[in-house]
Amino acid sequence: MSKRNRPVQTMARLIISFVMAIFLFAFLILLSIRLTLFSEKHMEKVAKKTDYYQKLTTSINKDISGYSLGSNVPKEALGNVVSVQVVEDNVNNYFKAIYKPGITYQFSGADELKTAMIDKIMAHANEKQVPIHSKESVAALADKGVDIFTGYVKLPYLVQFGQKLMNYKAMLTGSIFLTGLISALIAVFLLVTLRGYRHRLLRFLSYSFIAGGLMGIIIPAYLLVKDVFHYINIRNQAMYEFLTTYIRSFLWMFIYIGVGLLILGILSAMFSERSRLELTR
């Protein structure tokens, strides 16, 4: 290799390494999106992690019993009318409607909930000897309980947003494959051009891995440290914790993959230096 051309070739390989880092970063972004925003299982995992089902059940029962006070039904009569299992089933059905275009969310257990509310109200009236104005008024109160329930389960616009998002799932998968393939081809190109110079190959690969990893870590870490999602305007605490945890998990996925690339880059740099030292012996 001509010493005169060596700086030019080194600069060219640095540029190629930077291009590879960009494609690795794109691969990182797309893979993170696929594993979080496009995953029904991930949403269910976040729901369990934040104890969303239990907290939502508490909020629903509180609102139903609070509304019933206007009809002279004490809170304790309907304090536990909705079970955690019914809430979990409906929330998971709602998640399925988000991730499976063409599926319409169907409320399950509506008749059972109405019957349970009517039975509890009638039992309370019989126990306390409180007159019931009409069966229609009790049925109307039960219908309102179902409305309160569904209002908590259906997060605003989430199904519409999710189903539109799913239309791009195939495109996303193709983009992940393409960016990963281009990154691999660049690595192969470096391998071919640096054949016999393993330490240089590892060094340029380490540049790509470290740069891609840092790009994947810095921005999400900044957003997490600044806690930019703290002021999301959601009145219900259970929904707030679920949505903010879901968003943070998306950012953490970037960081985890970025750290993996960073470690791979550091290891490549260490092996590069080891190979270089072996050549000088």
# chains A, B, ... in the order shown; residues from 1 in each chain; ligands from 1
>>> closest_atom_pairs(of="region 7-66 of chain A", to="region 233-255 of chain A", cutoff="12 Å", atoms="only C-alpha atoms", output="JSON lines")
{"residue": "A:Leu24", "atom": "CA", "partner": "A:Phe254", "partner_atom": "CA", "distance": 11.9}
{"residue": "A:Phe25", "atom": "CA", "partner": "A:Phe254", "partner_atom": "CA", "distance": 9.6}
{"residue": "A:Ala26", "atom": "CA", "partner": "A:Phe254", "partner_atom": "CA", "distance": 10.9}
{"residue": "A:Phe27", "atom": "CA", "partner": "A:Phe254", "partner_atom": "CA", "distance": 10.5}
{"residue": "A:Leu28", "atom": "CA", "partner": "A:Phe254", "partner_atom": "CA", "distance": 6.8}
{"residue": "A:Ile29", "atom": "CA", "partner": "A:Phe254", "partner_atom": "CA", "distance": 6.8}
{"residue": "A:Leu30", "atom": "CA", "partner": "A:Phe254", "partner_atom": "CA", "distance": 9.6}
{"residue": "A:Leu31", "atom": "CA", "partner": "A:Phe254", "partner_atom": "CA", "distance": 8.7}
{"residue": "A:Ser32", "atom": "CA", "partner": "A:Met253", "partner_atom": "CA", "distance": 5.8}
{"residue": "A:Ile33", "atom": "CA", "partner": "A:Phe250", "partner_atom": "CA", "distance": 7.3}
{"residue": "A:Arg34", "atom": "CA", "partner": "A:Phe250", "partner_atom": "CA", "distance": 9.9}
{"residue": "A:Leu35", "atom": "CA", "partner": "A:Met253", "partner_atom": "CA", "distance": 8.1}
{"residue": "A:Thr36", "atom": "CA", "partner": "A:Phe250", "partner_atom": "CA", "distance": 5.8}
{"residue": "A:Leu37", "atom": "CA", "partner": "A:Phe250", "partner_atom": "CA", "distance": 7.4}
{"residue": "A:Phe38", "atom": "CA", "partner": "A:Phe250", "partner_atom": "CA", "distance": 10.7}
{"residue": "A:Ser39", "atom": "CA", "partner": "A:Phe250", "partner_atom": "CA", "distance": 11.0}
{"residue": "A:Glu40", "atom": "CA", "partner": "A:Tyr246", "partner_atom": "CA", "distance": 11.7}
{"residue": "A:Lys41", "atom": "CA", "partner": "A:Tyr246", "partner_atom": "CA", "distance": 11.9}
{"residue": "A:His42", "atom": "CA", "partner": "A:Tyr246", "partner_atom": "CA", "distance": 8.6}
{"residue": "A:Met43", "atom": "CA", "partner": "A:Tyr246", "partner_atom": "CA", "distance": 7.1}
{"residue": "A:Glu44", "atom": "CA", "partner": "A:Tyr246", "partner_atom": "CA", "distance": 9.9}
{"residue": "A:Lys45", "atom": "CA", "partner": "A:Tyr246", "partner_atom": "CA", "distance": 9.4}
{"residue": "A:Val46", "atom": "CA", "partner": "A:Tyr246", "partner_atom": "CA", "distance": 6.1}
{"residue": "A:Ala47", "atom": "CA", "partner": "A:Phe242", "partner_atom": "CA", "distance": 6.2}
{"residue": "A:Lys48", "atom": "CA", "partner": "A:Phe242", "partner_atom": "CA", "distance": 9.3}
{"residue": "A:Lys49", "atom": "CA", "partner": "A:Phe242", "partner_atom": "CA", "distance": 8.7}
{"residue": "A:Thr50", "atom": "CA", "partner": "A:Phe242", "partner_atom": "CA", "distance": 6.1}
{"residue": "A:Asp51", "atom": "CA", "partner": "A:Ala238", "partner_atom": "CA", "distance": 8.2}
{"residue": "A:Tyr52", "atom": "CA", "partner": "A:Ala238", "partner_atom": "CA", "distance": 5.9}
{"residue": "A:Tyr53", "atom": "CA", "partner": "A:Ala238", "partner_atom": "CA", "distance": 8.5}
{"residue": "A:Gln54", "atom": "CA", "partner": "A:Ala238", "partner_atom": "CA", "distance": 8.8}
{"residue": "A:Lys55", "atom": "CA", "partner": "A:Ala238", "partner_atom": "CA", "distance": 5.6}
{"residue": "A:Leu56", "atom": "CA", "partner": "A:Ala238", "partner_atom": "CA", "distance": 5.8}
{"residue": "A:Thr57", "atom": "CA", "partner": "A:Ala238", "partner_atom": "CA", "distance": 9.4}
{"residue": "A:Thr58", "atom": "CA", "partner": "A:Ala238", "partner_atom": "CA", "distance": 9.3}
{"residue": "A:Ser59", "atom": "CA", "partner": "A:Asn236", "partner_atom": "CA", "distance": 7.9}
{"residue": "A:Ile60", "atom": "CA", "partner": "A:Asn236", "partner_atom": "CA", "distance": 10.3}
{"residue": "A:Lys62", "atom": "CA", "partner": "A:Asn236", "partner_atom": "CA", "distance": 11.8}
{"residue": "A:Asp63", "atom": "CA", "partner": "A:Asn236", "partner_atom": "CA", "distance": 11.1}
>>> write_last_selection(atoms="N, CA, C and O atoms", output="short mmCIF file (atom, residue, chain, number, x, y, z; two decimals), in the first residue's frame")
data_model
loop_
_atom_site.label_atom_id
_atom_site.label_comp_id
_atom_site.auth_asym_id
_atom_site.auth_seq_id
_atom_site.Cartn_x
_atom_site.Cartn_y
_atom_site.Cartn_z
N LEU A 24 -26.87 1.24 11.23
CA LEU A 24 -27.06 0.53 12.49
C LEU A 24 -28.03 1.28 13.39
O LEU A 24 -28.86 0.67 14.07
N PHE A 25 -27.93 2.60 13.39
CA PHE A 25 -28.84 3.41 14.19
C PHE A 25 -30.27 3.28 13.68
O PHE A 25 -31.22 3.15 14.46
N ALA A 26 -30.43 3.29 12.35
CA ALA A 26 -31.75 3.10 11.76
C ALA A 26 -32.29 1.72 12.12
O ALA A 26 -33.48 1.56 12.45
N PHE A 27 -31.42 0.71 12.05
CA PHE A 27 -31.80 -0.65 12.43
C PHE A 27 -32.25 -0.69 13.89
O PHE A 27 -33.25 -1.33 14.24
N LEU A 28 -31.51 0.04 14.74
CA LEU A 28 -31.84 0.11 16.17
C LEU A 28 -33.21 0.72 16.39
O LEU A 28 -34.04 0.20 17.16
N ILE A 29 -33.49 1.83 15.71
CA ILE A 29 -34.78 2.51 15.85
C ILE A 29 -35.92 1.59 15.41
O ILE A 29 -36.91 1.40 16.13
N LEU A 30 -35.78 1.01 14.24
CA LEU A 30 -36.85 0.18 13.68
C LEU A 30 -37.09 -1.07 14.52
O LEU A 30 -38.24 -1.47 14.74
N LEU A 31 -36.01 -1.68 15.00
CA LEU A 31 -36.15 -2.88 15.83
C LEU A 31 -36.83 -2.54 17.14
O LEU A 31 -37.69 -3.30 17.62
N SER A 32 -36.48 -1.40 17.73
CA SER A 32 -37.11 -0.98 18.98
C SER A 32 -38.60 -0.74 18.79
O SER A 32 -39.41 -1.12 19.63
N ILE A 33 -38.96 -0.10 17.68
CA ILE A 33 -40.37 0.14 17.37
C ILE A 33 -41.11 -1.19 17.21
O ILE A 33 -42.22 -1.36 17.71
N ARG A 34 -40.48 -2.13 16.52
CA ARG A 34 -41.12 -3.43 16.28
C ARG A 34 -41.35 -4.19 17.59
O ARG A 34 -42.38 -4.85 17.76
N LEU A 35 -40.41 -4.08 18.52
CA LEU A 35 -40.50 -4.84 19.76
C LEU A 35 -41.40 -4.18 20.80
O LEU A 35 -41.74 -4.81 21.81
N THR A 36 -41.78 -2.92 20.57
CA THR A 36 -42.60 -2.21 21.56
C THR A 36 -43.93 -1.75 20.96
O THR A 36 -44.97 -2.33 21.25
N LEU A 37 -43.90 -0.74 20.13
CA LEU A 37 -45.14 -0.16 19.62
C LEU A 37 -45.96 -1.14 18.80
O LEU A 37 -47.19 -1.03 18.74
N PHE A 38 -45.31 -2.12 18.16
CA PHE A 38 -46.02 -3.07 17.31
C PHE A 38 -46.26 -4.41 18.01
O PHE A 38 -46.58 -5.39 17.35
N SER A 39 -46.13 -4.44 19.32
CA SER A 39 -46.24 -5.71 20.04
C SER A 39 -47.38 -5.68 21.06
O SER A 39 -47.34 -4.91 22.03
N GLU A 40 -48.38 -6.52 20.82
CA GLU A 40 -49.49 -6.65 21.78
C GLU A 40 -48.98 -7.22 23.10
O GLU A 40 -49.40 -6.78 24.18
N LYS A 41 -48.06 -8.19 23.03
CA LYS A 41 -47.52 -8.82 24.23
C LYS A 41 -46.78 -7.81 25.10
O LYS A 41 -46.83 -7.86 26.33
N HIS A 42 -46.09 -6.87 24.44
CA HIS A 42 -45.37 -5.84 25.20
C HIS A 42 -46.35 -4.95 25.95
O HIS A 42 -46.10 -4.60 27.11
N MET A 43 -47.46 -4.60 25.33
CA MET A 43 -48.46 -3.76 25.99
C MET A 43 -49.05 -4.49 27.20
O MET A 43 -49.25 -3.89 28.26
N GLU A 44 -49.33 -5.78 27.05
CA GLU A 44 -49.86 -6.57 28.17
C GLU A 44 -48.82 -6.66 29.29
O GLU A 44 -49.16 -6.63 30.47
N LYS A 45 -47.56 -6.79 28.91
CA LYS A 45 -46.48 -6.86 29.89
C LYS A 45 -46.40 -5.57 30.71
O LYS A 45 -46.23 -5.60 31.94
N VAL A 46 -46.52 -4.43 30.03
CA VAL A 46 -46.50 -3.14 30.74
C VAL A 46 -47.72 -3.02 31.65
O VAL A 46 -47.62 -2.50 32.77
N ALA A 47 -48.87 -3.50 31.20
CA ALA A 47 -50.09 -3.45 32.01
C ALA A 47 -49.91 -4.23 33.31
O ALA A 47 -50.32 -3.78 34.39
N LYS A 48 -49.28 -5.39 33.22
CA LYS A 48 -49.03 -6.19 34.43
C LYS A 48 -47.97 -5.53 35.32
O LYS A 48 -48.08 -5.54 36.55
N LYS A 49 -46.95 -4.97 34.69
CA LYS A 49 -45.88 -4.33 35.45
C LYS A 49 -46.38 -3.16 36.27
O LYS A 49 -45.94 -2.94 37.41
N THR A 50 -47.31 -2.39 35.72
CA THR A 50 -47.83 -1.21 36.42
C THR A 50 -49.05 -1.53 37.29
O THR A 50 -49.65 -0.63 37.85
N ASP A 51 -49.41 -2.84 37.35
CA ASP A 51 -50.60 -3.25 38.11
C ASP A 51 -51.84 -2.52 37.60
O ASP A 51 -52.71 -2.12 38.36
N TYR A 52 -51.87 -2.38 36.27
CA TYR A 52 -52.91 -1.59 35.62
C TYR A 52 -54.31 -2.16 35.85
O TYR A 52 -55.26 -1.43 36.12
N TYR A 53 -54.45 -3.48 35.77
CA TYR A 53 -55.76 -4.11 35.90
C TYR A 53 -56.36 -3.84 37.29
O TYR A 53 -57.53 -3.48 37.41
N GLN A 54 -55.54 -4.02 38.33
CA GLN A 54 -56.03 -3.82 39.69
C GLN A 54 -56.37 -2.36 39.95
O GLN A 54 -57.43 -2.04 40.52
N LYS A 55 -55.49 -1.47 39.53
CA LYS A 55 -55.73 -0.04 39.76
C LYS A 55 -56.93 0.46 38.98
O LYS A 55 -57.70 1.30 39.48
N LEU A 56 -57.09 -0.05 37.76
CA LEU A 56 -58.24 0.36 36.95
C LEU A 56 -59.54 -0.15 37.58
O LEU A 56 -60.55 0.56 37.59
N THR A 57 -59.50 -1.37 38.11
CA THR A 57 -60.67 -1.93 38.79
C THR A 57 -61.08 -1.06 39.97
O THR A 57 -62.27 -0.78 40.18
N THR A 58 -60.10 -0.62 40.75
CA THR A 58 -60.37 0.25 41.89
C THR A 58 -61.02 1.55 41.45
O THR A 58 -62.00 2.01 42.06
N SER A 59 -60.50 2.14 40.37
CA SER A 59 -61.06 3.41 39.87
C SER A 59 -62.48 3.22 39.35
O SER A 59 -63.35 4.07 39.58
N ILE A 60 -62.72 2.12 38.64
CA ILE A 60 -64.06 1.86 38.09
C ILE A 60 -65.07 1.69 39.22
O ILE A 60 -66.15 2.29 39.20
N LYS A 62 -64.86 2.73 42.24
CA LYS A 62 -65.00 4.00 42.96
C LYS A 62 -65.96 4.94 42.23
O LYS A 62 -66.83 5.58 42.86
N ASP A 63 -65.84 5.01 40.90
CA ASP A 63 -66.71 5.90 40.13
C ASP A 63 -68.15 5.38 40.10
O ASP A 63 -69.11 6.17 40.18
#
>>> residues_around(residues="region 106-114 of chain A", least_positions_apart="6", cutoff="8 Å", atoms="only C-alpha atoms", output="ChimeraX atom specification")
/A:81-82,86,89-90,93-94,139,142-143,145-146,150
>>> closest_residue(among="A:Phe149, A:Gly260, A:Thr179, A:Ala125", to="Phe23 (chain A)", atoms="only C-alpha atoms")
A:Thr179
>>> select_by_dssp(residues="region 7-83 of chain A", states="helix (DSSP H, G or I)", output="VMD selection string")
chain A and resid 7 to 35 40 to 49 52 to 71 75 to 77
>>> atom_distance(atom1="CA of Ile263 (chain A)", atom2="CA of Thr193 (chain A)")
24.7 Å
>>> residues_around(residues="Pro74 (chain A)", least_positions_apart="6", cutoff="9 Å", atoms="only C-alpha atoms", output="list in words")
Ser65, Gly66, Ser68 and His124 of chain A
>>> write_last_selection(atoms="N, CA and C atoms", output="compact mmCIF listing (two decimals), in the first residue's frame")
# COMPACT_ATOMS: atom_id res chain seq x y z
N SER A 65 -69.66 3.45 42.38
CA SER A 65 -70.26 3.63 43.71
C SER A 65 -70.49 5.11 44.00
N GLY A 66 -69.59 5.97 43.47
CA GLY A 66 -69.78 7.41 43.66
C GLY A 66 -70.99 7.92 42.91
N SER A 68 -73.57 6.17 42.17
CA SER A 68 -74.77 5.59 42.77
C SER A 68 -75.27 6.38 43.98
N HIS A 124 -79.46 -4.45 48.98
CA HIS A 124 -79.29 -3.34 49.92
C HIS A 124 -80.64 -2.74 50.32
>>> closest_residue(among="A:Phe271, A:Tyr256, A:Tyr99, A:Phe161", to="Leu214 (chain A)", atoms="only C-alpha atoms")
A:Tyr256
>>> closest_residue(among="A:Lys144, A:Arg203, A:Arg276, A:Lys226", to="Tyr67 (chain A)", atoms="only C-alpha atoms")
A:Lys144
>>> atom_distance(atom1="CA of Thr10 (chain A)", atom2="CA of Val192 (chain A)")
14.7 Å
>>> closest_residue(among="A:Ala221, A:Ala21, A:Val91, A:Leu190", to="Phe209 (chain A)", atoms="only C-alpha atoms")
A:Ala21
>>> closest_residue(among="A:Val73, A:Ala12, A:Ile98, A:Leu267", to="Leu158 (chain A)", atoms="only C-alpha atoms")
A:Ile98
>>> decode(residues="region 138-150 of chain A", atoms="N, CA, C and O atoms", output="mmCIF file, in the first residue's frame")
data_model
loop_
_atom_site.group_PDB
_atom_site.id
_atom_site.type_symbol
_atom_site.label_atom_id
_atom_site.label_comp_id
_atom_site.auth_asym_id
_atom_site.auth_seq_id
_atom_site.Cartn_x
_atom_site.Cartn_y
_atom_site.Cartn_z
ATOM 1 N N VAL A 138 -83.492 1.398 38.545
ATOM 2 C CA VAL A 138 -82.378 0.518 38.922
ATOM 3 C C VAL A 138 -81.650 0.036 37.668
ATOM 4 O O VAL A 138 -80.416 0.001 37.619
ATOM 5 N N ALA A 139 -82.406 -0.316 36.619
ATOM 6 C CA ALA A 139 -81.803 -0.765 35.363
ATOM 7 C C ALA A 139 -80.992 0.357 34.714
ATOM 8 O O ALA A 139 -79.923 0.122 34.147
ATOM 9 N N ALA A 140 -81.522 1.593 34.820
ATOM 10 C CA ALA A 140 -80.803 2.738 34.258
ATOM 11 C C ALA A 140 -79.482 2.959 34.988
ATOM 12 O O ALA A 140 -78.462 3.300 34.371
ATOM 13 N N LEU A 141 -79.493 2.751 36.304
ATOM 14 C CA LEU A 141 -78.269 2.892 37.090
ATOM 15 C C LEU A 141 -77.257 1.813 36.683
ATOM 16 O O LEU A 141 -76.055 2.092 36.589
ATOM 17 N N ALA A 142 -77.761 0.603 36.436
ATOM 18 C CA ALA A 142 -76.877 -0.485 35.989
ATOM 19 C C ALA A 142 -76.280 -0.166 34.617
ATOM 20 O O ALA A 142 -75.097 -0.430 34.366
ATOM 21 N N ASP A 143 -77.088 0.402 33.717
ATOM 22 C CA ASP A 143 -76.583 0.784 32.394
ATOM 23 C C ASP A 143 -75.482 1.835 32.509
ATOM 24 O O ASP A 143 -74.481 1.801 31.767
ATOM 25 N N LYS A 144 -75.678 2.767 33.445
ATOM 26 C CA LYS A 144 -74.667 3.796 33.661
ATOM 27 C C LYS A 144 -73.367 3.177 34.177
ATOM 28 O O LYS A 144 -72.265 3.613 33.805
ATOM 29 N N GLY A 145 -73.492 2.140 35.002
ATOM 30 C CA GLY A 145 -72.304 1.441 35.490
ATOM 31 C C GLY A 145 -71.502 0.832 34.350
ATOM 32 O O GLY A 145 -70.258 0.892 34.334
ATOM 33 N N VAL A 146 -72.199 0.255 33.369
ATOM 34 C CA VAL A 146 -71.526 -0.309 32.197
ATOM 35 C C VAL A 146 -70.841 0.801 31.397
ATOM 36 O O VAL A 146 -69.714 0.633 30.912
ATOM 37 N N ASP A 147 -71.514 1.937 31.256
ATOM 38 C CA ASP A 147 -70.923 3.062 30.528
ATOM 39 C C ASP A 147 -69.640 3.549 31.209
ATOM 40 O O ASP A 147 -68.652 3.880 30.540
ATOM 41 N N ILE A 148 -69.680 3.607 32.534
ATOM 42 C CA ILE A 148 -68.485 4.022 33.284
ATOM 43 C C ILE A 148 -67.355 3.030 33.041
ATOM 44 O O ILE A 148 -66.194 3.418 32.818
ATOM 45 N N PHE A 149 -67.688 1.753 33.084
ATOM 46 C CA PHE A 149 -66.699 0.697 32.851
ATOM 47 C C PHE A 149 -66.036 0.863 31.485
ATOM 48 O O PHE A 149 -64.804 0.927 31.372
ATOM 49 N N THR A 150 -66.849 0.920 30.433
ATOM 50 C CA THR A 150 -66.299 1.000 29.075
ATOM 51 C C THR A 150 -65.507 2.290 28.856
ATOM 52 O O THR A 150 -64.534 2.310 28.102
#
